file my_file09.cif (mmCIF, C-alpha atoms)
data_upload
loop_
_atom_site.group_PDB
_atom_site.id
_atom_site.type_symbol
_atom_site.label_atom_id
_atom_site.label_comp_id
_atom_site.auth_asym_id
_atom_site.auth_seq_id
_atom_site.Cartn_x
_atom_site.Cartn_y
_atom_site.Cartn_z
ATOM 1 C CA ALA A 830 -54.525 100.269 -67.901
ATOM 2 C CA GLU A 831 -52.412 97.464 -69.363
ATOM 3 C CA ALA A 832 -52.665 98.667 -72.976
ATOM 4 C CA GLY A 833 -49.238 98.424 -74.590
ATOM 5 C CA ARG A 834 -47.678 96.890 -71.485
ATOM 6 C CA ALA A 835 -46.500 93.359 -70.644
ATOM 7 C CA ALA A 836 -45.149 93.123 -74.165
ATOM 8 C CA ILE A 837 -42.084 93.323 -76.371
ATOM 9 C CA TRP A 838 -42.202 96.137 -78.894
ATOM 10 C CA GLU A 839 -40.442 96.393 -82.227
ATOM 11 C CA VAL A 840 -39.374 99.948 -83.056
ATOM 12 C CA ASP A 841 -37.907 101.238 -86.322
ATOM 13 C CA VAL A 842 -35.478 103.897 -85.141
ATOM 14 C CA ALA A 843 -35.324 105.626 -88.528
ATOM 15 C CA THR A 844 -39.073 105.939 -89.177
ATOM 16 C CA ARG A 845 -40.345 105.691 -85.585
ATOM 17 C CA ALA A 846 -42.813 103.061 -86.721
ATOM 18 C CA HIS A 847 -43.585 100.687 -83.874
ATOM 19 C CA ARG A 848 -45.696 97.640 -83.132
ATOM 20 C CA ILE A 849 -46.149 94.986 -80.473
ATOM 21 C CA PHE A 850 -43.934 92.039 -81.441
ATOM 22 C CA ALA A 851 -45.194 89.678 -78.695
ATOM 23 C CA SER A 852 -47.655 90.105 -75.827
ATOM 24 C CA GLY A 853 -48.800 88.450 -72.614
ATOM 25 C CA LEU A 854 -45.283 88.619 -71.142
ATOM 26 C CA ARG A 855 -45.671 89.938 -67.594
ATOM 27 C CA ASN A 856 -42.207 91.379 -67.178
ATOM 28 C CA PRO A 857 -39.813 90.564 -70.040
ATOM 29 C CA ASN A 858 -36.604 92.059 -68.673
ATOM 30 C CA GLY A 859 -33.683 90.481 -70.467
ATOM 31 C CA LEU A 860 -33.479 90.192 -74.257
ATOM 32 C CA ALA A 861 -30.856 88.318 -76.279
ATOM 33 C CA TRP A 862 -30.385 86.968 -79.780
ATOM 34 C CA GLU A 863 -29.547 83.278 -80.111
ATOM 35 C CA PRO A 864 -26.697 83.287 -82.648
ATOM 36 C CA ARG A 865 -27.288 79.921 -84.318
ATOM 37 C CA THR A 866 -30.963 80.410 -85.165
ATOM 38 C CA GLY A 867 -31.206 84.196 -84.981
ATOM 39 C CA ALA A 868 -34.218 83.857 -82.663
ATOM 40 C CA LEU A 869 -35.026 86.492 -80.055
ATOM 41 C CA TRP A 870 -35.082 85.188 -76.462
ATOM 42 C CA THR A 871 -36.330 86.840 -73.292
ATOM 43 C CA ALA A 872 -36.239 86.214 -69.539
ATOM 44 C CA VAL A 873 -39.614 86.807 -67.899
ATOM 45 C CA ASN A 874 -40.320 87.658 -64.253
ATOM 46 C CA GLU A 875 -43.717 86.043 -63.614
ATOM 47 C CA ARG A 876 -46.600 86.722 -61.183
ATOM 48 C CA ASP A 877 -46.803 86.429 -57.373
ATOM 49 C CA GLU A 878 -49.216 85.419 -54.613
ATOM 50 C CA LEU A 879 -50.015 81.892 -55.814
ATOM 51 C CA GLY A 880 -47.713 80.252 -53.265
ATOM 52 C CA SER A 881 -44.001 79.564 -52.924
ATOM 53 C CA ASP A 882 -43.887 77.120 -55.834
ATOM 54 C CA LEU A 883 -45.949 79.044 -58.381
ATOM 55 C CA VAL A 884 -45.452 80.643 -60.832
ATOM 56 C CA PRO A 885 -42.107 79.705 -62.435
ATOM 57 C CA ASP A 886 -40.133 82.479 -64.032
ATOM 58 C CA TYR A 887 -38.930 81.432 -67.457
ATOM 59 C CA MET A 888 -36.887 82.095 -70.540
ATOM 60 C CA THR A 889 -38.345 81.558 -73.964
ATOM 61 C CA SER A 890 -37.866 82.184 -77.623
ATOM 62 C CA VAL A 891 -40.245 84.897 -78.751
ATOM 63 C CA ARG A 892 -42.572 84.354 -81.689
ATOM 64 C CA ASP A 893 -43.725 87.261 -83.813
ATOM 65 C CA GLY A 894 -47.350 87.838 -82.843
ATOM 66 C CA GLY A 895 -47.182 85.303 -80.012
ATOM 67 C CA PHE A 896 -49.274 85.570 -76.839
ATOM 68 C CA TYR A 897 -47.769 84.186 -73.596
ATOM 69 C CA GLY A 898 -50.660 84.352 -71.134
ATOM 70 C CA TRP A 899 -50.467 87.462 -68.947
ATOM 71 C CA PRO A 900 -52.638 88.195 -67.107
ATOM 72 C CA TYR A 901 -55.138 85.466 -67.954
ATOM 73 C CA SER A 902 -52.915 82.393 -67.681
ATOM 74 C CA TYR A 903 -49.415 81.290 -66.761
ATOM 75 C CA PHE A 904 -46.902 78.886 -68.311
ATOM 76 C CA GLY A 905 -49.153 78.260 -71.244
ATOM 77 C CA GLN A 906 -52.806 77.566 -70.588
ATOM 78 C CA HIS A 907 -52.917 77.358 -66.764
ATOM 79 C CA ALA A 908 -55.722 79.837 -66.098
ATOM 80 C CA ASP A 909 -55.253 82.391 -63.319
ATOM 81 C CA THR A 910 -58.700 82.317 -61.727
ATOM 82 C CA ARG A 911 -58.077 85.628 -59.933
ATOM 83 C CA VAL A 912 -58.460 87.546 -63.196
ATOM 84 C CA ASP A 913 -61.942 88.939 -63.783
ATOM 85 C CA PRO A 914 -63.263 88.874 -66.411
ATOM 86 C CA PRO A 915 -61.495 85.758 -67.716
ATOM 87 C CA ARG A 916 -60.504 85.395 -71.354
ATOM 88 C CA PRO A 917 -60.674 81.692 -72.281
ATOM 89 C CA ASP A 918 -60.288 82.635 -75.939
ATOM 90 C CA LEU A 919 -56.872 84.150 -75.234
ATOM 91 C CA VAL A 920 -55.870 81.400 -72.804
ATOM 92 C CA ALA A 921 -56.460 78.864 -75.574
ATOM 93 C CA THR A 922 -53.783 80.589 -77.671
ATOM 94 C CA ALA A 923 -51.175 81.033 -74.911
ATOM 95 C CA ILE A 924 -47.734 79.685 -75.840
ATOM 96 C CA VAL A 925 -45.910 77.420 -73.383
ATOM 97 C CA PRO A 926 -42.487 78.940 -72.572
ATOM 98 C CA ASP A 927 -39.362 77.014 -73.528
ATOM 99 C CA TYR A 928 -37.543 76.770 -70.194
ATOM 100 C CA ALA A 929 -38.606 77.195 -66.554
ATOM 101 C CA LEU A 930 -36.164 79.065 -64.297
ATOM 102 C CA GLY A 931 -37.781 78.336 -60.941
ATOM 103 C CA PRO A 932 -40.499 80.099 -58.965
ATOM 104 C CA HIS A 933 -39.897 83.657 -57.771
ATOM 105 C CA THR A 934 -36.246 83.715 -58.853
ATOM 106 C CA ALA A 935 -36.876 87.197 -60.318
ATOM 107 C CA SER A 936 -34.881 86.344 -63.426
ATOM 108 C CA LEU A 937 -34.017 89.705 -64.935
ATOM 109 C CA GLY A 938 -30.867 89.761 -67.036
ATOM 110 C CA LEU A 939 -30.229 87.623 -70.111
ATOM 111 C CA ALA A 940 -27.117 87.416 -72.265
ATOM 112 C CA SER A 941 -26.000 85.018 -74.964
ATOM 113 C CA SER A 942 -22.593 83.447 -74.416
ATOM 114 C CA ALA A 943 -21.612 84.395 -77.982
ATOM 115 C CA GLY A 944 -18.317 86.238 -77.766
ATOM 116 C CA ALA A 945 -17.513 84.976 -74.285
ATOM 117 C CA ALA A 946 -13.965 83.819 -73.526
ATOM 118 C CA LEU A 947 -14.967 81.396 -70.790
ATOM 119 C CA PRO A 948 -14.336 77.646 -70.321
ATOM 120 C CA PRO A 949 -15.994 75.092 -72.675
ATOM 121 C CA PRO A 950 -19.072 74.382 -70.499
ATOM 122 C CA PHE A 951 -20.142 77.980 -71.130
ATOM 123 C CA ALA A 952 -19.552 78.007 -74.888
ATOM 124 C CA ASN A 953 -23.154 77.776 -76.089
ATOM 125 C CA GLY A 954 -26.109 79.073 -74.123
ATOM 126 C CA MET A 955 -27.507 81.925 -72.099
ATOM 127 C CA PHE A 956 -26.476 83.599 -68.850
ATOM 128 C CA VAL A 957 -29.354 84.627 -66.569
ATOM 129 C CA GLY A 958 -29.160 87.090 -63.681
ATOM 130 C CA GLN A 959 -31.553 86.018 -60.920
ATOM 131 C CA HIS A 960 -32.358 88.939 -58.620
ATOM 132 C CA GLY A 961 -33.963 86.667 -56.026
ATOM 133 C CA SER A 962 -37.318 86.180 -54.334
ATOM 134 C CA TRP A 963 -38.845 88.690 -51.912
ATOM 135 C CA ASN A 964 -41.591 86.574 -50.340
ATOM 136 C CA ARG A 965 -40.734 82.915 -50.962
ATOM 137 C CA THR A 966 -39.862 80.243 -48.388
ATOM 138 C CA PRO A 967 -37.172 79.113 -48.895
ATOM 139 C CA LYS A 968 -35.633 81.936 -50.874
ATOM 140 C CA SER A 969 -34.792 81.296 -54.504
ATOM 141 C CA GLY A 970 -32.577 82.957 -57.078
ATOM 142 C CA TYR A 971 -29.842 85.288 -55.759
ATOM 143 C CA LYS A 972 -27.345 83.975 -58.297
ATOM 144 C CA VAL A 973 -26.258 83.935 -61.906
ATOM 145 C CA ILE A 974 -26.871 80.764 -63.864
ATOM 146 C CA PHE A 975 -25.966 79.458 -67.295
ATOM 147 C CA VAL A 976 -28.445 77.499 -69.407
ATOM 148 C CA PRO A 977 -26.623 75.329 -71.966
ATOM 149 C CA PHE A 978 -27.971 75.210 -75.524
ATOM 150 C CA VAL A 979 -27.635 72.599 -78.279
ATOM 151 C CA ASP A 980 -28.736 73.438 -81.815
ATOM 152 C CA GLY A 981 -30.246 76.705 -80.655
ATOM 153 C CA ARG A 982 -32.384 75.205 -77.869
ATOM 154 C CA PRO A 983 -31.927 74.757 -74.089
ATOM 155 C CA SER A 984 -30.387 71.398 -73.262
ATOM 156 C CA GLY A 985 -29.938 70.214 -69.694
ATOM 157 C CA PRO A 986 -30.131 71.719 -66.218
ATOM 158 C CA PRO A 987 -28.747 75.181 -65.425
ATOM 159 C CA ILE A 988 -25.196 75.611 -64.161
ATOM 160 C CA ASP A 989 -24.416 77.947 -61.243
ATOM 161 C CA VAL A 990 -21.960 80.647 -62.312
ATOM 162 C CA LEU A 991 -21.955 83.198 -59.487
ATOM 163 C CA THR A 992 -23.394 82.428 -56.048
ATOM 164 C CA GLY A 993 -22.967 83.330 -52.371
ATOM 165 C CA PHE A 994 -25.188 86.396 -52.324
ATOM 166 C CA LEU A 995 -27.122 85.219 -49.243
ATOM 167 C CA ASP A 996 -25.460 85.116 -45.821
ATOM 168 C CA ALA A 997 -26.057 82.384 -43.218
ATOM 169 C CA ASP A 998 -29.146 84.215 -41.941
ATOM 170 C CA GLY A 999 -30.660 84.577 -45.404
ATOM 171 C CA ASN A 1000 -29.858 88.258 -45.776
ATOM 172 C CA ALA A 1001 -28.957 89.479 -49.243
ATOM 173 C CA ARG A 1002 -25.385 90.730 -49.591
ATOM 174 C CA GLY A 1003 -26.030 91.229 -53.281
ATOM 175 C CA ARG A 1004 -28.715 90.764 -55.917
ATOM 176 C CA PRO A 1005 -27.710 90.072 -59.522
ATOM 177 C CA ALA A 1006 -29.674 91.888 -62.192
ATOM 178 C CA GLY A 1007 -28.292 92.709 -65.644
ATOM 179 C CA VAL A 1008 -25.701 90.507 -67.357
ATOM 180 C CA ALA A 1009 -23.517 91.235 -70.385
ATOM 181 C CA ILE A 1010 -20.364 90.036 -72.147
ATOM 182 C CA ASP A 1011 -17.582 92.617 -72.287
ATOM 183 C CA ARG A 1012 -15.162 93.233 -75.152
ATOM 184 C CA LYS A 1013 -12.606 90.816 -73.703
ATOM 185 C CA GLY A 1014 -15.141 88.025 -73.340
ATOM 186 C CA ALA A 1015 -15.733 88.214 -69.586
ATOM 187 C CA LEU A 1016 -19.169 88.136 -67.991
ATOM 188 C CA LEU A 1017 -20.326 91.364 -66.336
ATOM 189 C CA VAL A 1018 -23.014 91.234 -63.644
ATOM 190 C CA ALA A 1019 -24.794 94.303 -62.261
ATOM 191 C CA ASP A 1020 -25.515 93.928 -58.520
ATOM 192 C CA ASP A 1021 -28.037 96.497 -57.287
ATOM 193 C CA VAL A 1022 -27.663 95.698 -53.573
ATOM 194 C CA GLY A 1023 -23.884 95.432 -53.504
ATOM 195 C CA ASN A 1024 -23.902 98.526 -55.750
ATOM 196 C CA CYS A 1025 -21.157 97.138 -57.963
ATOM 197 C CA ILE A 1026 -20.431 95.284 -61.165
ATOM 198 C CA TRP A 1027 -18.881 91.819 -60.868
ATOM 199 C CA ARG A 1028 -16.590 90.578 -63.623
ATOM 200 C CA VAL A 1029 -16.274 86.821 -64.188
ATOM 201 C CA SER A 1030 -13.387 85.738 -66.402
ATOM 202 C CA ALA A 1031 -11.429 82.626 -67.217
ATOM 203 C CA ARG A 1032 -8.123 82.035 -65.460
#

call {"tool": "encode", "arguments": {"input": "my_file09.cif", "output": "structure tokens"}}
result
Amino acid sequence: AEAGRAAIWEVDVATRAHRIFASGLRNPNGLAWEPRTGALWTAVNERDELGSDLVPDYMTSVRDGGFYGWPYSYFGQHADTRVDPPRPDLVATAIVPDYALGPHTASLGLASSAGAALPPPFANGMFVGQHGSWNRTPKSGYKVIFVPFVDGRPSGPPIDVLTGFLDADGNARGRPAGVAIDRKGALLVADDVGNCIWRVSAR
């Protein structure tokens, strides 16, 4: 049932040739190229029902032919004992992701800051749209963050970019999803509860 799923595919538009580029990625929603290294990065929405603090969603560079664990393990070689039959041979090859984004943040969108006309702290890195948890206590996500990069790699804690989507009672007034940089260098954020697109720009 999972054949061809939980993966990133490479497709040649001209010839229609296609292949799995990387596998074992439960829900790789956002894709972005890191401009300094040319590496492909993805934001992955990980599995549920292992408690409020497991499993962390993550962003990672994507290796050609790499296997990232799903469904047999998470965050590298932490075996998910619920999966039957297990595949210890595959678990042994699972790649540890580059950067944890917190448990159940539902990190969906990913965009490189290349081309952004925003203040210096946002010059090099990735924007991540975090749709927010549905069954975690306390709730997590419900914001847009920026992960700074140095020399093509994440460096330091994330920076909040757009917040305030939860009211005082914990109800969602908005849920960020896709993120993109527009032609004038502002950050666009799709909000599928507020049913709008937010635009974040420098003064």

call {"tool": "resolve_selection", "arguments": {"input": "my_file09.cif", "expression": "the PyMOL selection byres ((chain A and resi 1013) around 10)", "output": "ChimeraX atom specification"}}
result
/A:944-946,1010-1012,1014-1016,1030

call {"tool": "write_last_selection", "arguments": {"input": "my_file09.cif", "atoms": "C-alpha atoms", "output": "mmCIF file, keeping the file's coordinate frame"}}
result
data_model
loop_
_atom_site.group_PDB
_atom_site.id
_atom_site.type_symbol
_atom_site.label_atom_id
_atom_site.label_comp_id
_atom_site.auth_asym_id
_atom_site.auth_seq_id
_atom_site.Cartn_x
_atom_site.Cartn_y
_atom_site.Cartn_z
ATOM 1 C CA GLY A 944 -18.317 86.238 -77.766
ATOM 2 C CA ALA A 945 -17.513 84.976 -74.285
ATOM 3 C CA ALA A 946 -13.965 83.819 -73.526
ATOM 4 C CA ILE A 1010 -20.364 90.036 -72.147
ATOM 5 C CA ASP A 1011 -17.582 92.617 -72.287
ATOM 6 C CA ARG A 1012 -15.162 93.233 -75.152
ATOM 7 C CA GLY A 1014 -15.141 88.025 -73.340
ATOM 8 C CA ALA A 1015 -15.733 88.214 -69.586
ATOM 9 C CA LEU A 1016 -19.169 88.136 -67.991
ATOM 10 C CA SER A 1030 -13.387 85.738 -66.402
#

call {"tool": "residues_around", "arguments": {"input": "my_file09.cif", "residues": "Val979 of chain A", "least_positions_apart": "2", "cutoff": "10 Å", "atoms": "all atoms listed in the file", "output": "ChimeraX atom specification"}}
result
/A:865,953-954,977,981-985

call {"tool": "write_last_selection", "arguments": {"input": "my_file09.cif", "atoms": "C-alpha atoms", "output": "tab-separated table (two decimals), in the frame of the given file"}}
result
chain	number	residue	atom	x	y	z
A	865	ARG	CA	-27.29	79.92	-84.32
A	953	ASN	CA	-23.15	77.78	-76.09
A	954	GLY	CA	-26.11	79.07	-74.12
A	977	PRO	CA	-26.62	75.33	-71.97
A	981	GLY	CA	-30.25	76.70	-80.66
A	982	ARG	CA	-32.38	75.20	-77.87
A	983	PRO	CA	-31.93	74.76	-74.09
A	984	SER	CA	-30.39	71.40	-73.26
A	985	GLY	CA	-29.94	70.21	-69.69

call {"tool": "atom_distance", "arguments": {"input": "my_file09.cif", "atom1": "atom CA of His960 of chain A", "atom2": "atom CA of Lys972 of chain A"}}
result
7.1 Å

call {"tool": "resolve_selection", "arguments": {"input": "my_file09.cif", "expression": "the PyMOL selection byres ((chain A and resi 951) around 10)", "output": "CSV table (one decimal) with C-alpha atoms, in the coordinates of the input"}}
result
chain,number,residue,atom,x,y,z
A,941,SER,CA,-26.0,85.0,-75.0
A,942,SER,CA,-22.6,83.4,-74.4
A,943,ALA,CA,-21.6,84.4,-78.0
A,945,ALA,CA,-17.5,85.0,-74.3
A,946,ALA,CA,-14.0,83.8,-73.5
A,947,LEU,CA,-15.0,81.4,-70.8
A,948,PRO,CA,-14.3,77.6,-70.3
A,949,PRO,CA,-16.0,75.1,-72.7
A,950,PRO,CA,-19.1,74.4,-70.5
A,952,ALA,CA,-19.6,78.0,-74.9
A,953,ASN,CA,-23.2,77.8,-76.1
A,954,GLY,CA,-26.1,79.1,-74.1
A,955,MET,CA,-27.5,81.9,-72.1
A,956,PHE,CA,-26.5,83.6,-68.8
A,975,PHE,CA,-26.0,79.5,-67.3
A,976,VAL,CA,-28.4,77.5,-69.4
A,977,PRO,CA,-26.6,75.3,-72.0
A,978,PHE,CA,-28.0,75.2,-75.5
A,988,ILE,CA,-25.2,75.6,-64.2
A,990,VAL,CA,-22.0,80.6,-62.3

call {"tool": "atom_distance", "arguments": {"input": "my_file09.cif", "atom1": "atom CA of Leu860 of chain A", "atom2": "atom CA of Ala835 of chain A"}}
result
13.9 Å

call {"tool": "atom_distance", "arguments": {"input": "my_file09.cif", "atom1": "atom CA of Gly1003 of chain A", "atom2": "atom CA of Phe904 of chain A"}}
result
28.5 Å

call {"tool": "resolve_selection", "arguments": {"input": "my_file09.cif", "expression": "the PyMOL selection byres ((chain A and resi 903) around 10)", "output": "list of chain:residue names"}}
result
A:Gly853, A:Leu854, A:Arg855, A:Glu875, A:Arg876, A:Leu883, A:Val884, A:Pro885, A:Asp886, A:Tyr897, A:Gly898, A:Trp899, A:Pro900, A:Tyr901, A:Ser902, A:Phe904, A:Gly905, A:Gln906, A:His907, A:Ala908, A:Asp909, A:Val920, A:Ala923, A:Ile924, A:Val925, A:Pro926

call {"tool": "write_last_selection", "arguments": {"input": "my_file09.cif", "atoms": "C-alpha atoms", "output": "compact mmCIF listing (two decimals), in the frame of the given file"}}
result
# COMPACT_ATOMS: atom_id res chain seq x y z
CA GLY A 853 -48.80 88.45 -72.61
CA LEU A 854 -45.28 88.62 -71.14
CA ARG A 855 -45.67 89.94 -67.59
CA GLU A 875 -43.72 86.04 -63.61
CA ARG A 876 -46.60 86.72 -61.18
CA LEU A 883 -45.95 79.04 -58.38
CA VAL A 884 -45.45 80.64 -60.83
CA PRO A 885 -42.11 79.70 -62.44
CA ASP A 886 -40.13 82.48 -64.03
CA TYR A 897 -47.77 84.19 -73.60
CA GLY A 898 -50.66 84.35 -71.13
CA TRP A 899 -50.47 87.46 -68.95
CA PRO A 900 -52.64 88.20 -67.11
CA TYR A 901 -55.14 85.47 -67.95
CA SER A 902 -52.92 82.39 -67.68
CA PHE A 904 -46.90 78.89 -68.31
CA GLY A 905 -49.15 78.26 -71.24
CA GLN A 906 -52.81 77.57 -70.59
CA HIS A 907 -52.92 77.36 -66.76
CA ALA A 908 -55.72 79.84 -66.10
CA ASP A 909 -55.25 82.39 -63.32
CA VAL A 920 -55.87 81.40 -72.80
CA ALA A 923 -51.18 81.03 -74.91
CA ILE A 924 -47.73 79.68 -75.84
CA VAL A 925 -45.91 77.42 -73.38
CA PRO A 926 -42.49 78.94 -72.57

call {"tool": "closest_residue", "arguments": {"input": "my_file09.cif", "among": "A:Leu991, A:Met888, A:Gly961, A:Asp996", "to": "Asp1021 of chain A", "atoms": "only C-alpha atoms"}}
result
A:Gly961

call {"tool": "axis_aligned_box", "arguments": {"input": "my_file09.cif", "around": "segment 919-934 of chain A", "padding_each_side": "4 Å", "output": "lines of an AutoDock Vina configuration file"}}
result
center_x = -46.5
center_y = 80.5
center_z = -67.7
size_x = 28.7
size_y = 15.4
size_z = 27.9

call {"tool": "residues_near_point", "arguments": {"input": "my_file09.cif", "point": "(-35.5, 90.1, -70.4)", "cutoff": "6 Å", "atoms": "all atoms listed in the file", "output": "list of chain:residue names"}}
result
A:Pro857, A:Asn858, A:Gly859, A:Leu860, A:Thr871, A:Ala872, A:Val873, A:Leu937, A:Gly938, A:Leu939

call {"tool": "residues_around", "arguments": {"input": "my_file09.cif", "residues": "segment 1024-1026 of chain A", "least_positions_apart": "4", "cutoff": "12 Å", "atoms": "all atoms listed in the file", "output": "PyMOL selection string"}}
result
chain A and resi 1002-1009+1011+1015-1020

call {"tool": "residues_near_point", "arguments": {"input": "my_file09.cif", "point": "(-46.3, 97.8, -75.8)", "cutoff": "10 Å", "atoms": "only C-alpha atoms", "output": "PyMOL selection string"}}
result
chain A and resi 831-839+847-852

call {"tool": "closest_residue", "arguments": {"input": "my_file09.cif", "among": "A:Pro986, A:Thr922, A:Ser936, A:Gly958", "to": "Gly894 of chain A", "atoms": "all atoms listed in the file"}}
result
A:Thr922

call {"tool": "build_atoms", "arguments": {"input": "my_file09.cif", "residues": "segment 947-958 of chain A", "atoms": "N, CA, C and O atoms", "output": "compact mmCIF listing (two decimals), in the coordinates of the input"}}
result
# COMPACT_ATOMS: atom_id res chain seq x y z
N LEU A 947 -14.84 82.15 -72.02
CA LEU A 947 -14.97 81.40 -70.79
C LEU A 947 -14.77 79.91 -71.10
O LEU A 947 -14.75 79.52 -72.27
N PRO A 948 -14.62 79.06 -70.07
CA PRO A 948 -14.34 77.65 -70.32
C PRO A 948 -15.42 76.96 -71.16
O PRO A 948 -16.55 77.46 -71.27
N PRO A 949 -15.09 75.78 -71.75
CA PRO A 949 -15.99 75.09 -72.68
C PRO A 949 -17.42 74.86 -72.19
O PRO A 949 -18.35 74.95 -73.01
N PRO A 950 -17.68 74.58 -70.90
CA PRO A 950 -19.07 74.38 -70.50
C PRO A 950 -19.97 75.58 -70.75
O PRO A 950 -21.20 75.46 -70.78
N PHE A 951 -19.37 76.76 -70.93
CA PHE A 951 -20.14 77.98 -71.13
C PHE A 951 -20.07 78.48 -72.58
O PHE A 951 -20.33 79.65 -72.85
N ALA A 952 -19.77 77.59 -73.50
CA ALA A 952 -19.55 78.01 -74.89
C ALA A 952 -20.85 78.35 -75.61
O ALA A 952 -20.90 79.30 -76.39
N ASN A 953 -21.90 77.58 -75.35
CA ASN A 953 -23.15 77.78 -76.09
C ASN A 953 -24.33 77.81 -75.12
O ASN A 953 -24.64 76.80 -74.48
N GLY A 954 -24.96 78.97 -75.02
CA GLY A 954 -26.11 79.07 -74.12
C GLY A 954 -26.38 80.50 -73.71
O GLY A 954 -25.94 81.45 -74.35
N MET A 955 -27.09 80.62 -72.61
CA MET A 955 -27.51 81.92 -72.10
C MET A 955 -27.18 82.07 -70.62
O MET A 955 -27.39 81.14 -69.83
N PHE A 956 -26.66 83.23 -70.25
CA PHE A 956 -26.48 83.60 -68.85
C PHE A 956 -27.73 84.33 -68.37
O PHE A 956 -28.30 85.15 -69.10
N VAL A 957 -28.15 84.03 -67.14
CA VAL A 957 -29.35 84.63 -66.57
C VAL A 957 -29.02 85.19 -65.20
O VAL A 957 -28.50 84.48 -64.33
N GLY A 958 -29.31 86.47 -65.00
CA GLY A 958 -29.16 87.09 -63.68
C GLY A 958 -30.45 86.93 -62.89
O GLY A 958 -31.50 87.40 -63.33
